[in-house]
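**Q** File name upload27.pdb; file contents PDB, C-alpha atoms and all ligand atoms; full text below.
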ATOM      1  CA  MET A 863     108.715 120.884  96.642
ATOM      2  CA  MET A 864     112.134 119.379  95.941
ATOM      3  CA  GLU A 865     112.506 116.374  93.705
ATOM      4  CA  SER A 866     113.633 113.383  95.662
ATOM      5  CA  LEU A 867     114.788 109.918  94.766
ATOM      6  CA  PRO A 868     112.121 107.271  94.995
ATOM      7  CA  THR A 869     112.127 105.535  98.344
ATOM      8  CA  PRO A 870     112.492 101.744  98.346
ATOM      9  CA  GLY A 871     108.757 101.457  98.909
ATOM     10  CA  HIS A 872     108.026 103.290  95.685
ATOM     11  CA  ALA A 873     110.237 101.140  93.480
ATOM     12  CA  ALA A 874     108.632  97.764  93.961
ATOM     13  CA  SER A 875     106.845  96.239  96.881
ATOM     14  CA  GLY A 876     108.026  92.704  96.160
ATOM     15  CA  VAL A 877     104.451  91.437  96.055
ATOM     16  CA  ALA A 878     103.418  89.766  92.793
ATOM     17  CA  GLY A 879     100.822  91.850  90.957
ATOM     18  CA  GLU A 880     101.418  94.922  93.093
ATOM     19  CA  SER A 881     102.722  98.172  91.613
ATOM     20  CA  LEU A 882     102.983 101.127  93.941
ATOM     21  CA  ALA A 883     103.865 103.425  91.020
ATOM     22  CA  GLU A 884     100.584 102.524  89.308
ATOM     23  CA  ARG A 885      98.793 102.433  92.667
ATOM     24  CA  TRP A 886      97.682  98.811  92.226
ATOM     25  CA  LEU A 887      97.768  97.030  95.575
ATOM     26  CA  VAL A 888      97.288  93.361  96.415
ATOM     27  CA  LEU A 889      95.152  92.786  99.496
ATOM     28  CA  PRO A 890      96.714  90.488 102.106
ATOM     29  CA  GLY A 891      93.362  88.702 102.510
ATOM     30  CA  GLY A 892      91.024  89.590  99.670
ATOM     31  CA  VAL A 893      87.300  89.810  99.246
ATOM     32  CA  PHE A 894      84.977  87.163  97.767
ATOM     33  CA  GLY A 895      82.456  88.300  95.167
ATOM     34  CA  ALA A 896      78.902  87.012  94.859
ATOM     35  CA  GLN A 897      80.033  84.256  92.444
ATOM     36  CA  GLY A 898      82.666  83.071  94.899
ATOM     37  CA  THR A 899      85.533  84.702  92.991
ATOM     38  CA  LEU A 900      88.326  86.094  95.115
ATOM     39  CA  HIS A 901      89.304  89.716  94.403
ATOM     40  CA  ARG A 902      92.678  90.868  95.663
ATOM     41  CA  ARG A 903      93.958  93.586  93.323
ATOM     42  CA  VAL A 904      92.760  97.077  94.180
ATOM     43  CA  ARG A 905      93.697 100.435  92.658
ATOM     44  CA  VAL A 906      93.699 103.466  94.925
ATOM     45  CA  ARG A 907      93.543 107.059  93.778
ATOM     46  CA  GLU A 908      95.580 109.977  95.029
ATOM     47  CA  LEU A 909      94.207 111.435  98.260
ATOM     48  CA  THR A 910      92.932 114.987  98.562
ATOM     49  CA  GLY A 911      92.100 117.237 101.476
ATOM     50  CA  ALA A 912      88.481 116.095 101.196
ATOM     51  CA  ASP A 913      89.633 112.534 101.920
ATOM     52  CA  GLU A 914      91.556 113.650 104.986
ATOM     53  CA  GLU A 915      88.511 115.509 106.225
ATOM     54  CA  ARG A 916      86.415 112.397 105.715
ATOM     55  CA  LEU A 917      88.833 110.333 107.771
ATOM     56  CA  PHE A 918      88.956 112.867 110.577
ATOM     57  CA  ASP A 919      85.282 113.666 110.773
ATOM     58  CA  ARG A 920      85.087 112.428 114.348
ATOM     59  CA  GLY A 921      81.840 114.186 115.087
ATOM     60  CA  SER A 922      79.623 112.214 112.799
ATOM     61  CA  LEU A 923      80.736 108.612 112.710
ATOM     62  CA  ALA A 924      82.466 105.948 114.760
ATOM     63  CA  SER A 925      85.949 105.067 113.571
ATOM     64  CA  GLY A 926      84.989 101.902 111.640
ATOM     65  CA  ARG A 927      82.356 103.803 109.682
ATOM     66  CA  ARG A 928      84.754 106.667 108.981
ATOM     67  CA  VAL A 929      87.294 104.249 107.538
ATOM     68  CA  SER A 930      84.588 102.687 105.354
ATOM     69  CA  ALA A 931      83.518 106.103 104.046
ATOM     70  CA  PHE A 932      87.153 106.988 103.420
ATOM     71  CA  LEU A 933      88.027 103.728 101.624
ATOM     72  CA  ALA A 934      84.865 103.870  99.497
ATOM     73  CA  CYS A 935      86.273 107.093  98.021
ATOM     74  CA  ALA A 936      89.934 106.090  97.965
ATOM     75  CA  ILE A 937      89.413 102.789  96.125
ATOM     76  CA  ASP A 938      89.325 103.440  92.420
ATOM     77  CA  ALA A 939      88.944  99.945  91.030
ATOM     78  CA  VAL A 940      88.815  96.334  92.168
ATOM     79  CA  GLU A 941      90.002  93.809  89.621
ATOM     80  CA  GLY A 942      87.189  91.457  88.613
ATOM     81  CA  HIS A 943      84.564  93.244  90.700
ATOM     82  CA  ASP A 944      81.563  94.613  88.770
ATOM     83  CA  GLY A 945      79.482  96.044  91.597
ATOM     84  CA  PRO A 946      79.672  99.477  93.171
ATOM     85  CA  ILE A 947      82.639 100.450  95.332
ATOM     86  CA  ASP A 948      80.726 102.063  98.152
ATOM     87  CA  GLU A 949      80.673 102.009 101.934
ATOM     88  CA  ALA A 950      78.954  98.609 101.938
ATOM     89  CA  PHE A 951      81.836  97.235  99.859
ATOM     90  CA  ALA A 952      84.410  98.737 102.242
ATOM     91  CA  ASP A 953      82.431  97.330 105.200
ATOM     92  CA  GLY A 954      82.859  93.884 103.652
ATOM     93  CA  LEU A 955      86.654  94.126 103.508
ATOM     94  CA  GLN A 956      88.609  92.256 106.159
ATOM     95  CA  LEU A 957      90.054  94.425 108.906
ATOM     96  CA  GLY A 958      93.619  93.586 107.869
ATOM     97  CA  ASP A 959      92.891  94.534 104.255
ATOM     98  CA  ARG A 960      91.475  97.867 105.394
ATOM     99  CA  ASP A 961      94.569  98.470 107.511
ATOM    100  CA  TYR A 962      96.762  97.519 104.574
ATOM    101  CA  LEU A 963      95.061 100.053 102.293
ATOM    102  CA  LEU A 964      95.437 102.819 104.905
ATOM    103  CA  LEU A 965      99.076 101.864 105.363
ATOM    104  CA  ARG A 966      99.973 101.940 101.665
ATOM    105  CA  LEU A 967      97.977 105.148 101.088
ATOM    106  CA  ARG A 968     100.040 106.760 103.838
ATOM    107  CA  GLN A 969     103.221 105.441 102.187
ATOM    108  CA  LEU A 970     102.203 106.569  98.679
ATOM    109  CA  ASP A 971     100.804 110.005  99.471
ATOM    110  CA  LEU A 972     102.585 111.146 102.623
ATOM    111  CA  GLY A 973     105.877 109.277 102.308
ATOM    112  CA  ASP A 974     107.432 106.116 103.625
ATOM    113  CA  ALA A 975     109.215 107.620 106.627
ATOM    114  CA  VAL A 976     107.377 108.008 109.915
ATOM    115  CA  HIS A 977     108.703 110.172 112.701
ATOM    116  CA  GLN A 978     106.963 110.204 116.049
ATOM    117  CA  VAL A 979     107.957 111.634 119.392
ATOM    118  CA  MET A 980     106.854 109.454 122.272
ATOM    119  CA  ARG A 981     107.261 109.956 125.996
ATOM    120  CA  CYS A 982     108.724 107.079 127.999
ATOM    121  CA  PRO A 983     106.098 105.934 130.534
ATOM    122  CA  ALA A 984     108.856 105.132 133.065
ATOM    123  CA  CYS A 985     111.386 108.010 132.975
ATOM    124  CA  ARG A 986     109.140 110.572 131.192
ATOM    125  CA  GLN A 987     111.894 111.505 128.698
ATOM    126  CA  LYS A 988     110.987 112.229 125.089
ATOM    127  CA  VAL A 989     112.032 109.594 122.573
ATOM    128  CA  ASP A 990     112.126 109.945 118.783
ATOM    129  CA  VAL A 991     110.723 106.954 116.967
ATOM    130  CA  ASP A 992     111.645 106.630 113.289
ATOM    131  CA  PHE A 993     110.710 103.838 110.947
ATOM    132  CA  LEU A 994     109.637 103.177 107.376
ATOM    133  CA  ILE A 995     106.115 102.108 106.517
ATOM    134  CA  SER A 996     107.648  99.659 104.017
ATOM    135  CA  GLU A 997     109.466  97.934 106.910
ATOM    136  CA  LEU A 998     106.266  96.952 108.705
ATOM    137  CA  PRO A 999     105.684  93.227 108.202
ATOM    138  CA  VAL A1000     102.463  92.205 106.449
ATOM    139  CA  ARG A1001     100.896  88.788 106.915
ATOM    140  CA  ARG A1002      99.398  87.528 103.659
ATOM    141  CA  LEU A1003      97.015  84.598 103.307
ATOM    142  CA  SER A1004      98.416  82.012 100.900
ATOM    143  CA  GLU A1005      94.998  80.468 100.314
ATOM    144  CA  PRO A1006      92.202  82.822 101.387
ATOM    145  CA  GLN A1007      88.932  81.091 102.211
ATOM    146  CA  ARG A1008      85.457  82.326 102.998
ATOM    147  CA  ALA A1009      85.531  80.319 106.234
ATOM    148  CA  TRP A1010      87.765  77.920 108.117
ATOM    149  CA  ALA A1011      86.831  74.664 109.859
ATOM    150  CA  LEU A1012      88.316  74.635 113.362
ATOM    151  CA  ARG A1013      88.288  72.276 116.287
ATOM    152  CA  LEU A1014      88.070  74.234 119.514
ATOM    153  CA  ASP A1015      89.330  71.713 122.028
ATOM    154  CA  ALA A1016      90.069  74.003 124.973
ATOM    155  CA  GLY A1017      87.578  73.462 127.767
ATOM    156  CA  PRO A1018      85.728  70.325 128.838
ATOM    157  CA  GLU A1019      84.116  69.490 125.485
ATOM    158  CA  PRO A1020      85.649  69.978 122.007
ATOM    159  CA  LEU A1021      83.593  71.788 119.342
ATOM    160  CA  GLU A1022      83.851  71.679 115.559
ATOM    161  CA  VAL A1023      83.123  75.159 114.234
ATOM    162  CA  LEU A1024      83.192  77.096 110.987
ATOM    163  CA  VAL A1025      84.693  80.566 111.389
ATOM    164  CA  ARG A1026      85.269  83.555 109.138
ATOM    165  CA  LEU A1027      87.683  86.440 109.689
ATOM    166  CA  PRO A1028      86.409  89.838 110.927
ATOM    167  CA  ARG A1029      85.384  92.583 108.491
ATOM    168  CA  GLY A1030      84.629  96.276 108.674
ATOM    169  CA  ASP A1031      80.965  95.691 109.472
ATOM    170  CA  ASP A1032      81.947  93.516 112.450
ATOM    171  CA  LEU A1033      84.056  96.339 113.811
ATOM    172  CA  ALA A1034      81.156  98.766 113.392
ATOM    173  CA  ALA A1035      78.888  96.342 115.251
ATOM    174  CA  ILE A1036      81.117  96.051 118.331
ATOM    175  CA  GLU A1037      83.020  99.336 118.402
ATOM    176  CA  ALA A1038      80.876 101.194 120.954
ATOM    177  CA  LEU A1039      80.493  98.109 123.147
ATOM    178  CA  ALA A1040      84.251  97.434 123.107
ATOM    179  CA  LEU A1041      84.868 100.737 124.894
ATOM    180  CA  SER A1042      82.596  99.883 127.815
ATOM    181  CA  ASN A1043      82.937  96.083 127.959
ATOM    182  CA  PRO A1044      85.535  94.272 125.799
ATOM    183  CA  ALA A1045      84.294  90.829 126.889
ATOM    184  CA  ALA A1046      80.735  91.649 125.804
ATOM    185  CA  ALA A1047      82.163  92.951 122.519
ATOM    186  CA  ASN A1048      83.945  89.595 122.051
ATOM    187  CA  THR A1049      80.682  87.744 122.675
ATOM    188  CA  ARG A1050      78.991  89.756 119.949
ATOM    189  CA  LEU A1051      81.969  89.363 117.622
ATOM    190  CA  PHE A1052      82.202  85.575 118.072
ATOM    191  CA  ALA A1053      78.461  85.200 117.448
ATOM    192  CA  ARG A1054      79.001  87.020 114.129
ATOM    193  CA  LEU A1055      82.178  85.184 113.087
ATOM    194  CA  VAL A1056      81.178  81.629 113.988
ATOM    195  CA  LEU A1057      79.016  80.494 111.083
ATOM    196  CA  ASP A1058      78.358  76.983 112.310
ATOM    197  CA  VAL A1059      78.742  74.852 115.449
ATOM    198  CA  GLU A1060      78.645  71.062 114.993
ATOM    199  CA  GLY A1061      76.378  71.376 111.926
ATOM    200  CA  ARG A1062      73.690  73.224 113.915
ATOM    201  CA  GLY A1063      74.185  76.650 112.343
ATOM    202  CA  ALA A1064      75.466  79.875 113.847
ATOM    203  CA  PRO A1065      75.384  80.241 117.641
ATOM    204  CA  THR A1066      73.401  82.966 119.385
ATOM    205  CA  GLU A1067      75.142  85.541 121.558
ATOM    206  CA  ASP A1068      73.749  83.720 124.603
ATOM    207  CA  GLU A1069      75.352  80.443 123.504
ATOM    208  CA  VAL A1070      78.725  82.101 122.976
ATOM    209  CA  ARG A1071      78.369  83.883 126.327
ATOM    210  CA  GLY A1072      77.973  80.459 127.953
ATOM    211  CA  TRP A1073      81.183  79.093 126.397
ATOM    212  CA  PRO A1074      84.068  78.311 128.784
ATOM    213  CA  VAL A1075      86.588  81.158 128.821
ATOM    214  CA  ALA A1076      89.294  78.733 127.642
ATOM    215  CA  ARG A1077      87.337  78.086 124.435
ATOM    216  CA  ARG A1078      86.743  81.805 123.886
ATOM    217  CA  ALA A1079      90.438  82.474 124.459
ATOM    218  CA  GLN A1080      91.342  79.757 121.951
ATOM    219  CA  LEU A1081      89.124  81.326 119.300
ATOM    220  CA  SER A1082      90.579  84.782 120.046
ATOM    221  CA  ALA A1083      94.113  83.420 119.724
ATOM    222  CA  TRP A1084      93.284  81.697 116.437
ATOM    223  CA  LEU A1085      91.846  84.916 114.999
ATOM    224  CA  GLU A1086      94.906  86.842 116.145
ATOM    225  CA  ALA A1087      97.270  84.295 114.628
ATOM    226  CA  HIS A1088      95.463  83.926 111.290
ATOM    227  CA  ALA A1089      94.048  87.325 110.391
ATOM    228  CA  PRO A1090      95.987  88.873 107.498
ATOM    229  CA  GLY A1091      97.268  92.443 107.416
ATOM    230  CA  PRO A1092     100.088  94.677 108.598
ATOM    231  CA  ASP A1093     101.651  94.070 111.982
ATOM    232  CA  LEU A1094     101.401  97.472 113.664
ATOM    233  CA  PHE A1095     103.074  96.480 116.908
ATOM    234  CA  LEU A1096     106.253  98.518 117.389
ATOM    235  CA  ASP A1097     108.641  96.731 119.690
ATOM    236  CA  LEU A1098     111.023  99.194 121.321
ATOM    237  CA  ASP A1099     112.839 100.035 124.525
ATOM    238  CA  CYS A1100     113.534 103.479 125.988
ATOM    239  CA  PRO A1101     117.123 104.489 125.094
ATOM    240  CA  HIS A1102     117.442 106.290 128.453
ATOM    241  CA  CYS A1103     116.159 103.784 130.997
ATOM    242  CA  HIS A1104     115.524 100.683 128.823
ATOM    243  CA  ALA A1105     111.898 100.432 129.914
ATOM    244  CA  ASP A1106     109.541  98.756 127.466
ATOM    245  CA  MET A1107     107.974 101.424 125.228
ATOM    246  CA  SER A1108     106.289  99.098 122.739
ATOM    247  CA  TYR A1109     103.085 100.410 121.274
ATOM    248  CA  VAL A1110     100.636  99.803 118.476
ATOM    249  CA  PHE A1111     100.983 102.247 115.626
ATOM    250  CA  ASP A1112      97.820 104.341 115.216
ATOM    251  CA  LEU A1113      96.906 103.839 111.570
ATOM    252  CA  GLN A1114      94.253 106.513 111.381
ATOM    253  CA  GLY A1115      96.114 109.047 113.491
ATOM    254  CA  PHE A1116      99.153 108.884 111.262
ATOM    255  CA  PHE A1117      97.416 110.680 108.419
ATOM    256  CA  LEU A1118      97.846 113.826 110.509
ATOM    257  CA  PRO A1119     101.144 115.674 110.082
ATOM    258  CA  SER A1120     103.901 114.120 112.184
ATOM    259  CA  ALA A1121     104.418 115.605 115.623
ATOM    260  CA  ARG A1122     107.401 117.941 115.674
ATOM    261  CA  GLY A1123     109.814 117.981 118.527
ATOM    262  CA  THR A1124     113.432 117.722 119.459
ATOM    263  CA  SER A1125     114.812 115.084 121.690
ATOM    264  CA  PRO A1126     118.375 114.279 122.697
ATOM    265  CA  ALA A1127     118.010 110.612 122.026
ATOM    266  CA  SER A1128     116.664 108.559 119.212
ATOM    267  CA  THR A1129     115.472 105.014 118.991
ATOM    268  CA  ARG A1130     114.628 102.926 116.028
ATOM    269  CA  ARG A1131     112.191 100.130 115.638
ATOM    270  CA  SER A1132     113.926  96.784 115.913
ATOM    271  CA  THR A1133     112.703  94.274 113.349
TER     272      THR A1133
HETATM  273 ZN    ZN B1201     112.718 105.764 129.842
END
Please go through the file and, once you have read it, give me the structure as C-alpha cells.
**A**
Amino acid sequence: MMESLPTPGHAASGVAGESLAERWLVLPGGVFGAQGTLHRRVRVRELTGADEERLFDRGSLASGRRVSAFLACAIDAVEGHDGPIDEAFADGLQLGDRDYLLLRLRQLDLGDAVHQVMRCPACRQKVDVDFLISELPVRRLSEPQRAWALRLDAGPEPLEVLVRLPRGDDLAAIEALALSNPAAANTRLFARLVLDVEGRGAPTEDEVRGWPVARRAQLSAWLEAHAPGPDLFLDLDCPHCHADMSYVFDLQGFFLPSARGTSPASTRRST
C-alpha cells in the first residue's frame, strides 16, 4: 500500500482529551460507573477481519446485539473503569456513543473518505456521494447526567418526569417490535426511559400507552434534540433533477467496501 499524508481527521480531532493517533476517543455522552463517576475516554484497538465478521454476522443476532458484541471486542480500555469490557458494558453505552465509536473506527481503520453511489428516487439517475467522516457533526453533552427532569406540558395535563437517554440494551429490547409496529416500540422505549412520573416511580407500558399522543410526541422530540452522537443525516439534492435525495448514513453498512460505480455527475454533502 502507498504511503499517504495523514488526513485532517488523523491529525487532531479538536476534542479535548481525544487523540486519534493513539486511538483514544472521547464519548459524546459518556457512561456512569457504579460509584457515579462519569467515564468518557475510551481506547479502541485496530480492527481485524474477525471484527468485521462479528459485525456482519446477521444470522445469529439482531443488529443492536451485533454492535454490542463488536464494541465489546473493539474497546480496549475505558479510563477510570475497573470492570470488564464485555457485551453488558457495550449494552450500557448510549446509542450516540455507540454510533460515535463505529464512526471513528471507520475513520481510523478504513479511511476518512466515504464514496457511495446512490440512485435518485425521482429521475433514477446514479449519483456519486462523497464526504469525509470527519465532516459529520457530532453533538456532545456539556454536562452529562444520569437522568433529566422534564416537564411534559403537551396534552391536557402537564407531567413532571425523570428521563434517561436510550442505551444499547433499550435498542435490543425494541428492535424486533420496531419493525412491525414503531408506535408499540415507542411505548416500550418510553416505559424504559422514564424513571419517574410525579414522584410515583417508573410508569408501566400500559400507562405510557394511555398518554396523549401530544405528550408522547413531546418526549420523542426531546430525546431527538438532546441525545448526543454523530448526526448521520445527509442533506443533498439530485444534481440532475434537484429532487431531495437526503438519507441517513448507514453506520453498520459502511464497514463493507464502498460500492464501485461510475456516474456522470457528482454531488457533495452540503454542511
Ligand atoms: Zn434526480
**Q** Check which residues satisfy the PyMOL selection byres (((chain A and resi 1057-1060) around 10) and not hetatm) in the file shown, then give them as a PDB file with C-alpha atoms, in the frame of the given file.
**A**
ATOM      1  CA  ALA A1009      85.531  80.319 106.234  1.00  0.00           C
ATOM      2  CA  TRP A1010      87.765  77.920 108.117  1.00  0.00           C
ATOM      3  CA  ALA A1011      86.831  74.664 109.859  1.00  0.00           C
ATOM      4  CA  LEU A1012      88.316  74.635 113.362  1.00  0.00           C
ATOM      5  CA  ARG A1013      88.288  72.276 116.287  1.00  0.00           C
ATOM      6  CA  PRO A1020      85.649  69.978 122.007  1.00  0.00           C
ATOM      7  CA  LEU A1021      83.593  71.788 119.342  1.00  0.00           C
ATOM      8  CA  GLU A1022      83.851  71.679 115.559  1.00  0.00           C
ATOM      9  CA  VAL A1023      83.123  75.159 114.234  1.00  0.00           C
ATOM     10  CA  LEU A1024      83.192  77.096 110.987  1.00  0.00           C
ATOM     11  CA  VAL A1025      84.693  80.566 111.389  1.00  0.00           C
ATOM     12  CA  ARG A1026      85.269  83.555 109.138  1.00  0.00           C
ATOM     13  CA  PHE A1052      82.202  85.575 118.072  1.00  0.00           C
ATOM     14  CA  ALA A1053      78.461  85.200 117.448  1.00  0.00           C
ATOM     15  CA  ARG A1054      79.001  87.020 114.129  1.00  0.00           C
ATOM     16  CA  LEU A1055      82.178  85.184 113.087  1.00  0.00           C
ATOM     17  CA  VAL A1056      81.178  81.629 113.988  1.00  0.00           C
ATOM     18  CA  GLY A1061      76.378  71.376 111.926  1.00  0.00           C
ATOM     19  CA  ARG A1062      73.690  73.224 113.915  1.00  0.00           C
ATOM     20  CA  GLY A1063      74.185  76.650 112.343  1.00  0.00           C
ATOM     21  CA  ALA A1064      75.466  79.875 113.847  1.00  0.00           C
ATOM     22  CA  PRO A1065      75.384  80.241 117.641  1.00  0.00           C
TER      23      PRO A1065
END
**Q** Just so the selection is clear, what residues does the PyMOL selection byres (((chain A and resi 1050) around 12) and not hetatm) cover here, as a ChimeraX atom specification?
**A** /A:1028,1032-1040,1043-1049,1051-1056,1065-1071,1078
**Q** Counting all atoms listed in the file, which residues of chain A fall within 10 Å of ligand ZN 1201 (chain B), and what is the closest atom pair for each with its distance in Å at one decimal, ordered by chain and rising number, as a tab-separated table?
**A**
residue	atom	partner	partner_atom	distance
A:Arg981	CA	B:ZN1201	ZN	7.9
A:Cys982	CA	B:ZN1201	ZN	4.6
A:Pro983	CA	B:ZN1201	ZN	6.7
A:Ala984	CA	B:ZN1201	ZN	5.1
A:Cys985	CA	B:ZN1201	ZN	4.1
A:Arg986	CA	B:ZN1201	ZN	6.1
A:Gln987	CA	B:ZN1201	ZN	5.9
A:Lys988	CA	B:ZN1201	ZN	8.2
A:Val989	CA	B:ZN1201	ZN	8.2
A:Asp1099	CA	B:ZN1201	ZN	7.8
A:Cys1100	CA	B:ZN1201	ZN	4.6
A:Pro1101	CA	B:ZN1201	ZN	6.6
A:His1102	CA	B:ZN1201	ZN	5.0
A:Cys1103	CA	B:ZN1201	ZN	4.1
A:His1104	CA	B:ZN1201	ZN	5.9
A:Ala1105	CA	B:ZN1201	ZN	5.4
A:Asp1106	CA	B:ZN1201	ZN	8.1
A:Met1107	CA	B:ZN1201	ZN	7.9
**Q** Please expand the PyMOL selection byres (((chain A and resi 933-944) around 10) and not hetatm) into the concrete residues it hits in this file, giving the result as a VMD selection string.
**A** chain A and resid 885 to 888 893 to 896 899 to 910 912 to 913 916 to 917 927 to 932 945 to 953 955 960 963 to 964 967
**Q** Quick one: pull the distance between CA of Glu915 in chain A and CA of Arg968 in chain A, Å, one decimal.
**A** 14.7 Å
**Q** In Å, how far is it from CA of Asp1093 in chain A to CA of Pro890 in chain A?
**A**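 Taking CA of Asp1093 in chain A and CA of Pro890 in chain A, their separation equals 11.6 Å.
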**Q** Working from the structure I just supplied, which lacks atoms in range 1016-1042 of chain A, can you model N, CA and C atoms there and output them as a PDB file, keeping the file's coordinate frame?
**A**
ATOM      1  N   ALA A1016      89.826  73.502 123.614  1.00  0.00           N
ATOM      2  CA  ALA A1016      90.069  74.003 124.973  1.00  0.00           C
ATOM      3  C   ALA A1016      88.749  73.932 125.742  1.00  0.00           C
ATOM      4  N   GLY A1017      88.803  73.603 126.995  1.00  0.00           N
ATOM      5  CA  GLY A1017      87.578  73.462 127.767  1.00  0.00           C
ATOM      6  C   GLY A1017      87.179  71.999 127.838  1.00  0.00           C
ATOM      7  N   PRO A1018      86.095  71.717 128.551  1.00  0.00           N
ATOM      8  CA  PRO A1018      85.728  70.325 128.838  1.00  0.00           C
ATOM      9  C   PRO A1018      85.290  69.535 127.606  1.00  0.00           C
ATOM     10  N   GLU A1019      84.723  70.228 126.590  1.00  0.00           N
ATOM     11  CA  GLU A1019      84.116  69.490 125.485  1.00  0.00           C
ATOM     12  C   GLU A1019      84.538  70.125 124.156  1.00  0.00           C
ATOM     13  N   PRO A1020      85.214  69.371 123.270  1.00  0.00           N
ATOM     14  CA  PRO A1020      85.649  69.978 122.007  1.00  0.00           C
ATOM     15  C   PRO A1020      84.460  70.315 121.098  1.00  0.00           C
ATOM     16  N   LEU A1021      84.639  71.370 120.283  1.00  0.00           N
ATOM     17  CA  LEU A1021      83.593  71.788 119.342  1.00  0.00           C
ATOM     18  C   LEU A1021      84.197  71.933 117.958  1.00  0.00           C
ATOM     19  N   GLU A1022      83.464  71.441 116.950  1.00  0.00           N
ATOM     20  CA  GLU A1022      83.851  71.679 115.559  1.00  0.00           C
ATOM     21  C   GLU A1022      83.068  72.910 115.096  1.00  0.00           C
ATOM     22  N   VAL A1023      83.805  73.932 114.647  1.00  0.00           N
ATOM     23  CA  VAL A1023      83.123  75.159 114.234  1.00  0.00           C
ATOM     24  C   VAL A1023      83.623  75.616 112.867  1.00  0.00           C
ATOM     25  N   LEU A1024      82.817  76.447 112.234  1.00  0.00           N
ATOM     26  CA  LEU A1024      83.192  77.096 110.987  1.00  0.00           C
ATOM     27  C   LEU A1024      83.289  78.588 111.296  1.00  0.00           C
ATOM     28  N   VAL A1025      84.440  79.186 110.983  1.00  0.00           N
ATOM     29  CA  VAL A1025      84.693  80.566 111.389  1.00  0.00           C
ATOM     30  C   VAL A1025      85.153  81.383 110.188  1.00  0.00           C
ATOM     31  N   ARG A1026      84.712  82.641 110.132  1.00  0.00           N
ATOM     32  CA  ARG A1026      85.269  83.555 109.138  1.00  0.00           C
ATOM     33  C   ARG A1026      86.068  84.631 109.862  1.00  0.00           C
ATOM     34  N   LEU A1027      86.855  85.385 109.099  1.00  0.00           N
ATOM     35  CA  LEU A1027      87.683  86.440 109.689  1.00  0.00           C
ATOM     36  C   LEU A1027      86.889  87.749 109.753  1.00  0.00           C
ATOM     37  N   PRO A1028      87.210  88.622 110.734  1.00  0.00           N
ATOM     38  CA  PRO A1028      86.409  89.838 110.927  1.00  0.00           C
ATOM     39  C   PRO A1028      86.562  90.872 109.819  1.00  0.00           C
ATOM     40  N   ARG A1029      85.456  91.568 109.550  1.00  0.00           N
ATOM     41  CA  ARG A1029      85.384  92.583 108.491  1.00  0.00           C
ATOM     42  C   ARG A1029      85.040  93.933 109.103  1.00  0.00           C
ATOM     43  N   GLY A1030      84.967  94.929 108.235  1.00  0.00           N
ATOM     44  CA  GLY A1030      84.629  96.276 108.674  1.00  0.00           C
ATOM     45  C   GLY A1030      83.286  96.360 109.370  1.00  0.00           C
ATOM     46  N   ASP A1031      82.300  95.609 108.859  1.00  0.00           N
ATOM     47  CA  ASP A1031      80.965  95.691 109.472  1.00  0.00           C
ATOM     48  C   ASP A1031      80.953  95.058 110.863  1.00  0.00           C
ATOM     49  N   ASP A1032      81.843  94.095 111.101  1.00  0.00           N
ATOM     50  CA  ASP A1032      81.947  93.516 112.450  1.00  0.00           C
ATOM     51  C   ASP A1032      82.487  94.553 113.423  1.00  0.00           C
ATOM     52  N   LEU A1033      83.483  95.289 112.955  1.00  0.00           N
ATOM     53  CA  LEU A1033      84.056  96.339 113.811  1.00  0.00           C
ATOM     54  C   LEU A1033      82.983  97.375 114.166  1.00  0.00           C
ATOM     55  N   ALA A1034      82.213  97.772 113.152  1.00  0.00           N
ATOM     56  CA  ALA A1034      81.156  98.766 113.392  1.00  0.00           C
ATOM     57  C   ALA A1034      80.148  98.247 114.411  1.00  0.00           C
ATOM     58  N   ALA A1035      79.903  96.923 114.368  1.00  0.00           N
ATOM     59  CA  ALA A1035      78.888  96.342 115.251  1.00  0.00           C
ATOM     60  C   ALA A1035      79.346  96.271 116.707  1.00  0.00           C
ATOM     61  N   ILE A1036      80.651  96.230 116.942  1.00  0.00           N
ATOM     62  CA  ILE A1036      81.117  96.051 118.331  1.00  0.00           C
ATOM     63  C   ILE A1036      81.864  97.259 118.887  1.00  0.00           C
ATOM     64  N   GLU A1037      82.129  98.236 118.033  1.00  0.00           N
ATOM     65  CA  GLU A1037      83.020  99.336 118.402  1.00  0.00           C
ATOM     66  C   GLU A1037      82.615 100.058 119.694  1.00  0.00           C
ATOM     67  N   ALA A1038      81.337 100.441 119.778  1.00  0.00           N
ATOM     68  CA  ALA A1038      80.876 101.194 120.954  1.00  0.00           C
ATOM     69  C   ALA A1038      80.925 100.308 122.196  1.00  0.00           C
ATOM     70  N   LEU A1039      80.517  99.059 122.034  1.00  0.00           N
ATOM     71  CA  LEU A1039      80.493  98.109 123.147  1.00  0.00           C
ATOM     72  C   LEU A1039      81.904  97.823 123.656  1.00  0.00           C
ATOM     73  N   ALA A1040      82.871  97.771 122.732  1.00  0.00           N
ATOM     74  CA  ALA A1040      84.251  97.434 123.107  1.00  0.00           C
ATOM     75  C   ALA A1040      84.830  98.454 124.079  1.00  0.00           C
ATOM     76  N   LEU A1041      84.361  99.703 123.994  1.00  0.00           N
ATOM     77  CA  LEU A1041      84.868 100.737 124.894  1.00  0.00           C
ATOM     78  C   LEU A1041      84.398 100.507 126.328  1.00  0.00           C
ATOM     79  N   SER A1042      83.146 100.053 126.469  1.00  0.00           N
ATOM     80  CA  SER A1042      82.596  99.883 127.815  1.00  0.00           C
ATOM     81  C   SER A1042      82.824  98.478 128.354  1.00  0.00           C
TER      82      SER A1042
END
